[in-house]
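Just model-v7.txt here, compact mmCIF, C-alpha atoms:
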# COMPACT_ATOMS: atom_id res chain seq x y z
CA MET Q 11 21.46 5.61 15.37
CA THR Q 12 21.15 8.86 13.43
CA TYR Q 13 18.31 9.21 10.96
CA ARG Q 14 18.47 11.30 7.86
CA ILE Q 15 15.40 13.36 7.01
CA ILE Q 16 14.95 13.98 3.28
CA ASP Q 17 12.38 16.63 2.47
CA ASP Q 18 13.00 17.54 -1.13
CA GLY Q 19 12.73 16.20 -4.65
CA THR Q 20 9.61 16.14 -6.85
CA TYR Q 21 9.21 13.00 -8.91
CA SER Q 22 6.62 11.24 -11.05
CA GLU Q 23 4.68 8.41 -9.40
CA PRO Q 24 6.69 5.70 -11.22
CA VAL Q 25 9.98 7.24 -10.03
CA GLN Q 26 8.61 7.60 -6.49
CA GLN Q 27 7.62 3.93 -6.38
CA ALA Q 28 10.94 2.91 -7.93
CA LEU Q 29 12.82 4.93 -5.27
CA GLU Q 30 11.16 2.75 -2.62
CA GLY Q 31 12.82 -0.37 -3.95
CA VAL Q 32 16.20 1.28 -4.48
CA LEU Q 33 16.27 2.83 -1.00
CA ALA Q 34 15.07 -0.33 0.78
CA GLU Q 35 17.76 -2.34 -1.02
CA ARG Q 36 20.51 0.18 -0.25
CA LEU Q 37 19.62 0.09 3.42
CA ASP Q 38 19.46 -3.71 3.33
CA GLU Q 39 22.99 -3.72 1.90
CA GLY Q 40 24.23 -1.30 4.54
CA GLU Q 41 24.72 1.51 2.01
CA LEU Q 42 22.12 3.90 3.41
CA GLU Q 43 21.52 5.48 6.79
CA PRO Q 44 18.10 5.01 8.36
CA THR Q 45 15.97 7.61 6.64
CA LEU Q 46 12.65 9.44 6.77
CA ARG Q 47 11.69 10.75 3.33
CA PHE Q 48 8.79 13.03 2.37
CA TRP Q 49 7.33 12.73 -1.13
CA TYR Q 50 6.52 15.49 -3.61
CA ARG Q 51 4.58 14.49 -6.70
CA GLU Q 52 4.24 15.89 -10.21
CA SER Q 53 0.65 14.94 -11.00
CA PRO Q 54 -2.41 13.06 -9.74
CA ALA Q 55 -1.89 9.31 -9.67
CA VAL Q 56 -3.16 6.03 -8.31
CA ALA Q 57 -0.83 3.90 -6.21
CA LEU Q 58 -2.17 0.37 -6.51
CA GLY Q 59 -1.48 -2.29 -3.89
CA ARG Q 60 0.94 -4.94 -5.13
CA PHE Q 61 -1.65 -7.72 -5.20
CA GLN Q 62 -4.67 -5.78 -6.40
CA ALA Q 63 -6.33 -6.39 -9.75
CA TYR Q 64 -6.03 -3.25 -11.88
CA GLU Q 65 -9.51 -3.45 -13.35
CA ASP Q 66 -11.13 -4.14 -9.98
CA GLU Q 67 -9.72 -0.96 -8.45
CA VAL Q 68 -9.46 1.65 -11.19
CA ALA Q 69 -12.10 3.29 -13.39
CA VAL Q 70 -10.08 2.36 -16.46
CA ASP Q 71 -11.75 4.69 -19.02
CA TYR Q 72 -11.63 7.66 -16.68
CA VAL Q 73 -7.94 7.34 -15.79
CA ASP Q 74 -7.13 6.82 -19.49
CA GLN Q 75 -9.02 9.99 -20.47
CA ARG Q 76 -7.35 12.02 -17.74
CA ASP Q 77 -3.94 10.50 -18.28
CA ILE Q 78 -3.68 9.58 -14.60
CA ASP Q 79 -0.67 7.40 -13.83
CA VAL Q 80 -1.66 4.12 -12.23
CA VAL Q 81 1.38 2.55 -10.65
CA ARG Q 82 1.58 -0.79 -8.87
CA ARG Q 83 3.52 -0.47 -5.61
CA LEU Q 84 6.09 -2.86 -4.23
CA THR Q 85 3.96 -3.03 -1.09
CA GLY Q 86 0.63 -4.73 -0.52
CA GLY Q 87 -2.46 -2.96 0.79
CA GLY Q 88 -5.13 -0.92 -0.94
CA ALA Q 89 -5.32 1.54 -3.83
CA MET Q 90 -4.74 5.21 -3.03
CA TYR Q 91 -5.69 8.16 -5.19
CA VAL Q 92 -3.12 10.92 -4.68
CA GLU Q 93 -2.86 14.54 -5.79
CA PRO Q 94 0.18 16.80 -5.45
CA GLY Q 95 -0.29 19.17 -2.54
CA ALA Q 96 -3.36 17.34 -1.27
CA VAL Q 97 -1.80 14.32 0.40
CA ILE Q 98 1.19 13.82 2.66
CA THR Q 99 3.30 10.77 1.93
CA TYR Q 100 6.43 9.78 3.77
CA SER Q 101 8.62 6.69 3.91
CA LEU Q 102 10.72 5.25 6.67
CA TYR Q 103 13.66 3.04 5.74
CA LEU Q 104 14.80 1.27 8.87
CA PRO Q 105 17.19 -1.45 9.92
CA ARG Q 106 15.26 -4.62 10.62
CA GLU Q 107 16.48 -4.75 14.24
CA ALA Q 108 14.82 -1.36 14.90
CA VAL Q 109 11.40 -2.79 13.97
CA PRO Q 110 9.28 -5.20 16.03
CA ASP Q 111 9.10 -8.66 14.41
CA ASP Q 112 5.38 -8.93 14.94
CA ILE Q 113 3.74 -7.26 11.95
CA GLU Q 114 0.72 -5.83 13.74
CA THR Q 115 2.88 -4.44 16.56
CA SER Q 116 5.28 -2.93 14.04
CA TYR Q 117 2.58 -0.97 12.18
CA ALA Q 118 1.35 0.50 15.45
CA ALA Q 119 4.88 1.29 16.62
CA LEU Q 120 6.02 2.90 13.36
CA ASP Q 121 2.85 5.01 13.03
CA GLN Q 122 2.98 6.29 16.61
CA TRP Q 123 5.29 9.30 16.19
CA ALA Q 124 3.17 10.53 13.26
CA ILE Q 125 -0.06 10.06 15.20
CA ASP Q 126 1.44 12.02 18.09
CA ALA Q 127 2.52 14.77 15.68
CA LEU Q 128 -0.97 15.02 14.17
CA ARG Q 129 -2.55 15.02 17.62
CA SER Q 130 -0.30 17.91 18.65
CA SER Q 131 -1.68 19.75 15.59
CA GLY Q 132 -5.20 19.25 16.89
CA LEU Q 133 -6.23 16.20 14.85
CA GLU Q 134 -8.11 13.51 16.69
CA VAL Q 135 -6.36 10.55 15.08
CA SER Q 136 -5.45 7.08 16.26
CA HIS Q 137 -3.93 3.90 14.92
CA GLU Q 138 -6.49 1.40 13.68
CA PRO Q 139 -5.17 -2.11 13.03
CA LEU Q 140 -3.80 -3.30 10.81
CA ASN Q 141 -2.46 -0.30 8.95
CA ASP Q 142 -4.83 2.67 9.13
CA ILE Q 143 -4.57 6.12 10.68
CA ALA Q 144 -8.16 6.85 11.61
CA HIS Q 145 -10.15 9.93 12.54
CA PRO Q 146 -13.61 9.49 14.14
CA ASP Q 147 -15.11 10.58 10.78
CA GLY Q 148 -13.09 8.20 8.62
CA LYS Q 149 -9.74 7.00 7.46
CA ILE Q 150 -7.14 9.76 7.19
CA GLY Q 151 -4.25 7.60 6.08
CA GLY Q 152 -2.79 4.17 5.62
CA SER Q 153 0.61 2.52 5.80
CA ALA Q 154 2.25 -0.38 4.03
CA GLN Q 155 5.46 -2.27 4.66
CA LEU Q 156 8.03 -4.24 2.77
CA ARG Q 157 10.55 -6.36 4.64
CA LYS Q 158 14.04 -7.29 3.49
CA ASP Q 159 16.55 -9.45 5.40
CA ASP Q 160 18.04 -6.41 7.17
CA ALA Q 161 15.70 -3.58 6.24
CA VAL Q 162 12.09 -2.52 6.58
CA LEU Q 163 10.29 -0.01 4.39
CA HIS Q 164 7.24 1.56 6.04
CA HIS Q 165 5.42 4.15 3.94
CA THR Q 166 2.33 6.13 4.79
CA THR Q 167 -0.05 8.31 2.79
CA MET Q 168 -2.47 10.69 4.50
CA SER Q 169 -5.17 12.92 3.03
CA TYR Q 170 -4.57 16.59 3.66
CA ALA Q 171 -7.09 18.11 1.24
CA LEU Q 172 -7.84 15.28 -1.17
CA ASP Q 173 -10.67 15.83 -3.67
CA THR Q 174 -12.74 12.87 -2.52
CA SER Q 175 -15.32 13.34 -5.32
CA GLU Q 176 -12.53 12.97 -7.87
CA MET Q 177 -11.22 9.98 -5.90
CA LEU Q 178 -14.61 8.32 -6.33
CA ARG Q 179 -14.44 8.85 -10.11
CA VAL Q 180 -10.90 7.45 -10.31
CA LEU Q 181 -11.30 4.45 -8.00
CA ARG Q 182 -14.07 1.94 -8.48
CA ILE Q 183 -15.14 2.17 -4.84
CA GLY Q 184 -17.20 5.13 -6.09
CA GLU Q 185 -18.97 2.95 -8.63
CA GLU Q 186 -20.47 0.41 -6.26
CA LYS Q 187 -24.00 -0.30 -7.49
CA VAL Q 188 -24.15 3.38 -8.51
CA SER Q 189 -26.39 4.06 -5.54
CA ASP Q 190 -26.10 7.33 -3.62
CA LYS Q 191 -25.87 5.33 -0.45
CA ALA Q 192 -22.74 3.53 -1.65
CA ILE Q 193 -21.04 6.80 -2.55
CA GLU Q 194 -21.99 8.32 0.75
CA SER Q 195 -20.47 5.41 2.63
CA ALA Q 196 -17.35 5.37 0.45
CA GLU Q 197 -16.84 9.05 1.06
CA LYS Q 198 -17.15 8.45 4.77
CA ARG Q 199 -14.21 6.14 4.59
CA VAL Q 200 -11.89 9.06 3.90
CA ALA Q 201 -11.44 12.01 6.23
CA VAL Q 202 -9.22 14.92 5.15
CA MET Q 203 -7.13 16.91 7.60
CA ARG Q 204 -8.11 20.32 6.27
CA ASP Q 205 -11.67 19.78 7.45
CA TYR Q 206 -10.39 19.83 11.02
CA VAL Q 207 -7.30 22.07 11.19
CA ASP Q 208 -6.20 25.46 9.89
CA ALA Q 209 -2.57 24.40 9.54
CA SER Q 210 -1.24 24.30 5.99
CA ARG Q 211 0.16 21.12 4.50
CA GLU Q 212 3.67 22.56 4.87
CA GLU Q 213 3.01 23.29 8.55
CA ILE Q 214 1.82 19.74 9.13
CA ILE Q 215 4.95 18.38 7.44
CA THR Q 216 7.08 20.63 9.68
CA VAL Q 217 5.33 19.28 12.78
CA LEU Q 218 5.93 15.73 11.53
CA LYS Q 219 9.63 16.44 10.98
CA ASP Q 220 10.03 18.20 14.34
CA THR Q 221 8.25 15.42 16.23
CA PHE Q 222 10.40 12.80 14.53
CA ALA Q 223 13.62 14.74 15.26
CA GLU Q 224 12.63 15.20 18.93
CA ARG Q 225 12.04 11.51 19.32
CA PHE Q 226 14.93 10.16 17.30
CA ASP Q 227 18.36 11.52 16.52
CA ALA Q 228 17.92 13.05 13.06
CA GLU Q 229 19.72 15.31 10.60
CA PRO Q 230 18.63 16.77 7.27
CA GLY Q 231 19.89 15.01 4.17
CA SER Q 232 19.23 14.54 0.48
CA LEU Q 233 19.06 11.67 -1.96
CA PRO Q 234 22.34 10.69 -3.61
CA ASN Q 235 22.25 11.28 -7.37
CA ALA Q 236 23.12 7.63 -7.98
CA VAL Q 237 19.94 6.61 -6.15
CA ILE Q 238 17.80 8.93 -8.25
CA ASP Q 239 19.44 7.72 -11.46
CA GLU Q 240 18.85 4.10 -10.50
CA ALA Q 241 15.19 4.86 -9.68
CA ARG Q 242 14.69 6.56 -13.06
CA ILE Q 243 16.04 3.45 -14.81
CA ARG Q 244 13.76 1.16 -12.79
CA ALA Q 245 10.81 3.46 -13.42
CA SER Q 246 11.28 3.14 -17.17
CA GLU Q 247 11.96 -0.60 -17.01
CA THR Q 248 9.17 -1.52 -14.58
CA PHE Q 249 6.94 1.10 -12.98
CA THR Q 250 5.84 2.73 -16.25
CA THR Q 251 5.16 -0.59 -17.99
CA GLU Q 252 1.82 -2.32 -18.47
CA GLU Q 253 3.61 -5.57 -17.77
CA TRP Q 254 4.09 -4.50 -14.14
CA ASN Q 255 1.23 -2.09 -13.55
CA ARG Q 256 -1.45 -4.26 -15.15
CA LYS Q 257 0.01 -7.66 -14.35
CA LEU Q 258 -2.95 -8.52 -12.10
CA MET F 18 -15.07 -23.48 -16.13
CA HIS F 19 -14.14 -20.13 -14.74
CA ASP F 20 -15.47 -18.74 -11.46
CA SER F 21 -14.54 -16.38 -8.69
CA ALA F 22 -15.33 -15.65 -5.06
CA THR F 23 -14.70 -12.65 -2.88
CA LEU F 24 -14.15 -12.82 0.85
CA LYS F 25 -13.85 -9.88 3.20
CA VAL F 26 -11.89 -11.16 6.17
CA PRO F 27 -13.48 -9.87 9.40
CA ASN F 28 -11.11 -7.16 10.70
CA GLY F 29 -8.84 -8.04 7.81
CA LYS F 30 -8.36 -7.62 4.10
CA LEU F 31 -10.27 -8.46 0.94
CA LEU F 32 -9.46 -11.65 -0.93
CA GLU F 33 -10.62 -12.33 -4.46
CA VAL F 34 -9.98 -15.81 -5.83
CA GLU F 35 -10.46 -16.60 -9.50
CA VAL F 36 -10.32 -20.24 -10.56
CA THR F 37 -10.23 -22.07 -13.84
CA TYR F 38 -11.06 -25.76 -13.59
CA ASP F 39 -12.39 -28.85 -15.32
CA ASP F 40 -12.09 -31.95 -13.14
CA ARG F 41 -9.03 -30.34 -11.62
CA VAL F 42 -8.17 -26.78 -10.73
CA THR F 43 -5.90 -25.62 -13.54
CA ASN F 44 -5.37 -21.95 -12.72
CA VAL F 45 -5.84 -19.75 -9.65
CA ASN F 46 -5.46 -15.97 -9.30
CA VAL F 47 -5.50 -14.43 -5.84
CA THR F 48 -5.87 -10.66 -5.64
CA GLY F 49 -6.83 -8.12 -3.01
CA ASP F 50 -5.55 -5.50 -0.57
CA PHE F 51 -3.67 -8.01 1.58
CA PHE F 52 0.05 -8.26 2.32
CA LEU F 53 2.46 -11.14 1.79
CA GLU F 54 6.04 -11.44 2.98
CA PRO F 55 8.01 -11.97 0.97
CA PRO F 56 5.80 -10.56 -1.79
CA GLU F 57 7.49 -12.88 -4.29
CA SER F 58 5.69 -15.79 -2.56
CA HIS F 59 2.47 -14.74 -4.34
CA ALA F 60 3.16 -17.04 -7.31
CA ALA F 61 3.94 -20.00 -5.05
CA LEU F 62 0.76 -19.38 -3.09
CA GLU F 63 -1.35 -19.47 -6.26
CA ALA F 64 0.51 -22.57 -7.46
CA ALA F 65 -0.24 -24.34 -4.16
CA LEU F 66 -3.95 -23.99 -4.92
CA GLU F 67 -3.65 -25.47 -8.40
CA GLY F 68 -3.75 -29.11 -9.51
CA HIS F 69 -6.27 -30.25 -6.92
CA PRO F 70 -9.44 -32.17 -7.87
CA THR F 71 -12.53 -29.96 -7.69
CA ASP F 72 -13.81 -31.95 -4.71
CA VAL F 73 -10.64 -31.16 -2.75
CA SER F 74 -11.16 -30.88 1.00
CA ARG F 75 -10.69 -27.69 2.94
CA ALA F 76 -8.03 -29.42 5.07
CA THR F 77 -5.98 -30.32 1.99
CA LEU F 78 -6.09 -26.75 0.71
CA ILE F 79 -5.13 -25.36 4.12
CA GLU F 80 -2.21 -27.76 4.26
CA ALA F 81 -1.10 -26.75 0.75
CA ILE F 82 -1.25 -23.05 1.66
CA GLN F 83 0.65 -23.61 4.89
CA GLY F 84 3.32 -25.44 2.92
CA VAL F 85 4.28 -22.18 1.17
CA ASP F 86 7.11 -20.24 2.79
CA ALA F 87 5.12 -17.03 3.23
CA THR F 88 3.71 -14.84 5.96
CA LEU F 89 0.07 -14.06 5.19
CA ILE F 90 -0.99 -10.66 6.51
CA GLY F 91 -4.63 -9.59 6.68
CA PHE F 92 -5.91 -13.13 6.11
CA ASP F 93 -4.93 -16.68 6.96
CA ALA F 94 -4.84 -20.07 5.28
CA GLU F 95 -8.41 -20.86 6.40
CA HIS F 96 -9.75 -17.73 4.67
CA LEU F 97 -7.91 -18.43 1.43
CA ALA F 98 -9.03 -22.07 1.44
CA ALA F 99 -12.64 -21.04 2.07
CA ALA F 100 -12.62 -18.46 -0.75
CA THR F 101 -11.03 -20.96 -3.13
CA LEU F 102 -13.65 -23.62 -2.36
CA GLU F 103 -16.42 -21.08 -2.77
CA ALA F 104 -15.06 -20.14 -6.18
CA ILE F 105 -14.94 -23.79 -7.29
CA GLN F 106 -18.47 -24.55 -6.11
Starting from the coordinates I provided, produce the structure as C-alpha cells.
Amino acid sequence: MTYRIIDDGTYSEPVQQALEGVLAERLDEGELEPTLRFWYRESPAVALGRFQAYEDEVAVDYVDQRDIDVVRRLTGGGAMYVEPGAVITYSLYLPREAVPDDIETSYAALDQWAIDALRSSGLEVSHEPLNDIAHPDGKIGGSAQLRKDDAVLHHTTMSYALDTSEMLRVLRIGEEKVSDKAIESAEKRVAVMRDYVDASREEIITVLKDTFAERFDAEPGSLPNAVIDEARIRASETFTTEEWNRKL
Amino acid sequence: MHDSATLKVPNGKLLEVEVTYDDRVTNVNVTGDFFLEPPESHAALEAALEGHPTDVSRATLIEAIQGVDATLIGFDAEHLAAATLEAIQ
C-alpha cells in the first residue's frame, strides 16, 4: 500500500472541514489512495465537535466581534481553537482494513507514528486514551475519527505556538466561574510545543512527514482539482451555514 | 417543564442532556464532546429517550438506548440513562 502525502493548499476552515467529508467518501468509494494530508489555514477559527452545543463551547459575542469562523466538524470530540501557523493539523484517510476495529486501540495505533516523530524532536509526549496526545504539562493535541464502510478518517490537531490566552477568550472553558483558579487550570490543559523545543513548525512538520515515510511506503501528492471544487461547494452549502454550524 | 443535567464520564467524555417533559418526555437533546458511529445515529439516540413517562426506570432507558444501532464512544448506555433521569428529576 502506497500512501500519498499532501503538504500544500491553504483553505478556509469551512473548506478544510468540507474536504474531510469529500476525501473520506472518495477513499470509501475506492477513488483515492490512502493519504496523509497537512492543513494550512487562512485565519483563526474554532472547530467544534459534531455533537457539541455551539453556545456551550463558544464565547458567542467575542467570536462575532472578531469574525472568527466557528465550524462544526464531521467528527465528534471537543472544540479546538486554531490559528494559522500556531497549530499543526493533519488527516489520515485510510482503508478500513488498515485500521484496528477496536476504537480505543485504533486511536493509539494511528497516533503512534506522530508521537514517535515528536519524541524524536525532543518532546516528551504520549498517547492518552481515548484521543489525546499528552505532555506532562498538559494536552498538546487531540484526534478524532470518522468511519465509513471501507474508509477511516483520523485527524489530529496539535498546538505548536497557540495563543492560549486568546483561546480562553474564544472558548467558554476560559469563562468558568470567572475565577483565576479556573483559568489557571484551563490553561494547564493545553501545552504548546514551542515551550519545549527550538524546532520551527515547518521543521516539526518535516519530521512528521519523514517519520511517516520511513514507516509506511509514501510518495508526495496533491489534491485533485475536482476534490477541491467539490469541497468548496459543500463549504458554501453546509460548513458556512448557521443551519449546520449552530444546529446544536 | 424543561431541565438539563451534565455528566462527566470518568475517564470519558462530557454528556449534557436537555429534556422537555410534562407527564411524558417530549423532547431530548444530547450534546457533548463524545463520539458516535455512525454520527447520523444521533437523532435516533435522542428519539429513543423520548416518549417515556417521567417515572421511567433506568433499565427501560438503557434498553431503549441499546436498541439504537450505534456505537457509543466515550460513554455508555448507563451513563446516558443516568444523565437523562437526572435531568427529568
Within 7 Å of Phe61 of chain Q using only C-alpha atoms, minus same-chain residues under 3 positions, as a PyMOL selection string: (chain Q and resi 86) or (chain F and resi 48-50)
Quick one: which residues from chain F are at most 9 Å off chain Q, using all atoms listed in the file, as a list in words? Asn28, Gly29, Lys30, Asn46, Val47, Thr48, Gly49, Asp50, Phe51, Phe52, Leu53, Glu54, Pro55, Pro56, His59, Ile90 and Gly91 of chain F
Filtering to C-alpha atoms, could you give me those residues as a PDB file, keeping the file's coordinate frame?
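selection-v4.pdb written:
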ATOM      1  CA  ASN F  28     -11.110  -7.160  10.700  1.00  0.00           C
ATOM      2  CA  GLY F  29      -8.840  -8.040   7.810  1.00  0.00           C
ATOM      3  CA  LYS F  30      -8.360  -7.620   4.100  1.00  0.00           C
ATOM      4  CA  ASN F  46      -5.460 -15.970  -9.300  1.00  0.00           C
ATOM      5  CA  VAL F  47      -5.500 -14.430  -5.840  1.00  0.00           C
ATOM      6  CA  THR F  48      -5.870 -10.660  -5.640  1.00  0.00           C
ATOM      7  CA  GLY F  49      -6.830  -8.120  -3.010  1.00  0.00           C
ATOM      8  CA  ASP F  50      -5.550  -5.500  -0.570  1.00  0.00           C
ATOM      9  CA  PHE F  51      -3.670  -8.010   1.580  1.00  0.00           C
ATOM     10  CA  PHE F  52       0.050  -8.260   2.320  1.00  0.00           C
ATOM     11  CA  LEU F  53       2.460 -11.140   1.790  1.00  0.00           C
ATOM     12  CA  GLU F  54       6.040 -11.440   2.980  1.00  0.00           C
ATOM     13  CA  PRO F  55       8.010 -11.970   0.970  1.00  0.00           C
ATOM     14  CA  PRO F  56       5.800 -10.560  -1.790  1.00  0.00           C
ATOM     15  CA  HIS F  59       2.470 -14.740  -4.340  1.00  0.00           C
ATOM     16  CA  ILE F  90      -0.990 -10.660   6.510  1.00  0.00           C
ATOM     17  CA  GLY F  91      -4.630  -9.590   6.680  1.00  0.00           C
TER      18      GLY F  91
END
Nearest to Gln106 of chain F among F:Val45, F:Val73, F:Ala65, F:Leu89, with distances taken over all atoms listed in the file: which residue is it?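 That would be F:Val73, the residue with the smallest distance to Gln106 of chain F.
Closest approach to Leu102 of chain Q among Q:Arg244, Q:Arg47, Q:Arg225, Q:Lys257 is made by Q:Arg47 (distances from only C-alpha atoms).
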Separation of atom CA of His145 of chain Q from atom CA of Pro94 of chain Q, in Å and rounded to one decimal: 21.9 Å
Compile a residue-level contact table for segment 69-150 of chain Q against segment 165-177 of chain Q at a cut-off of 8 Å, reporting for every qualifying residue the shortest atom pair and its distance in Å to one decimal, with all atoms listed in the file counted, rows ordered by chain and ascending number, as a Markdown table.
| residue | atom | partner | partner_atom | distance |
| --- | --- | --- | --- | --- |
| Q:Tyr91 | CA | Q:Met177 | CA | 5.9 |
| Q:Val92 | CA | Q:Leu172 | CA | 7.3 |
| Q:Glu93 | CA | Q:Leu172 | CA | 6.8 |
| Q:Gly95 | CA | Q:Ala171 | CA | 7.9 |
| Q:Ala96 | CA | Q:Ala171 | CA | 4.6 |
| Q:Val97 | CA | Q:Ser169 | CA | 4.5 |
| Q:Ile98 | CA | Q:Met168 | CA | 5.2 |
| Q:Thr99 | CA | Q:Thr167 | CA | 4.2 |
| Q:Tyr100 | CA | Q:Thr166 | CA | 5.6 |
| Q:Ser101 | CA | Q:His165 | CA | 4.1 |
| Q:Leu102 | CA | Q:His165 | CA | 6.1 |
| Q:Ile143 | CA | Q:Met168 | CA | 8.0 |
| Q:Ile150 | CA | Q:Met168 | CA | 5.5 |
Pairwise distance for atom CA of Tyr13 of chain Q and atom CA of Glu134 of chain Q, rounded to one decimal in Å: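 Result for atom CA of Tyr13 of chain Q versus atom CA of Glu134 of chain Q: 27.4 Å, one decimal.
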Compile the contact shell of Asp40 of chain F as number ranges by chain: residues with an atom at most 9 Å away, counting all atoms listed in the file, same-chain residues fewer than 4 positions apart removed. F: 69-72
Grab the atom CA of Leu178 of chain Q to atom CA of His96 of chain F distance for me, in Å with one decimal place. 28.7 Å
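Every protein or nucleic acid residue with an atom no more than 6 Å from Ala104 of chain F, counting all atoms listed in the file and leaving out same-chain residues fewer than 4 positions away, appears here: Asp20, Ser21 and Ala22 of chain F.
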Those residues you just picked out, can you put them in a file as a JSON list (two decimals), in the coordinates of the input with C-alpha atoms?
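Produced file out03.json, reproduced below:
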[["chain", "number", "residue", "atom", "x", "y", "z"],
["F", 20, "ASP", "CA", -15.47, -18.74, -11.46],
["F", 21, "SER", "CA", -14.54, -16.38, -8.69],
["F", 22, "ALA", "CA", -15.33, -15.65, -5.06]]
Using only C-alpha atoms, which residues sit within 9 Å of Thr20 of chain Q once same-chain residues fewer than 2 positions away are excluded, as a ChimeraX atom specification? /Q:18,22,26,49-52
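Look at everything within 8 Å of (10.7, -1.8, -12.1) using only C-alpha atoms, and the residues you get are Ala28, Ile243, Arg244, Ala245, Ser246, Glu247, Thr248, Phe249, Thr250 and Trp254 of chain Q.
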Could you name the residues that touch Ala209 of chain Q at 10 Å or less, counting all atoms listed in the file, but leaving out those on the same chain fewer than 6 positions away, as a list in words?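 Near neighbours after the sequence-gap exclusion: Ser131, Gly132, Tyr170, Met203, Ile215 and Val217 of chain Q.
Proximity ranking of Q:Trp123, Q:Leu128, Q:Ala118, Q:Glu30 relative to Asp142 of chain Q places Q:Ala118 first, based on all atoms listed in the file.
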Between F:Ala60, F:Leu97, F:Leu66, F:Leu24, which residue has the minimum interatomic distance to Thr37 of chain F, considering all atoms listed in the file?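 Ranking F:Ala60, F:Leu97, F:Leu66, F:Leu24 by distance to Thr37 of chain F, first place goes to F:Leu66.
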What would the list of residues within 7 Å of (0.1, -25.9, -11.0) (file frame) look like as number ranges by chain, if only C-alpha atoms are what count? F: 43-44, 64, 67-68
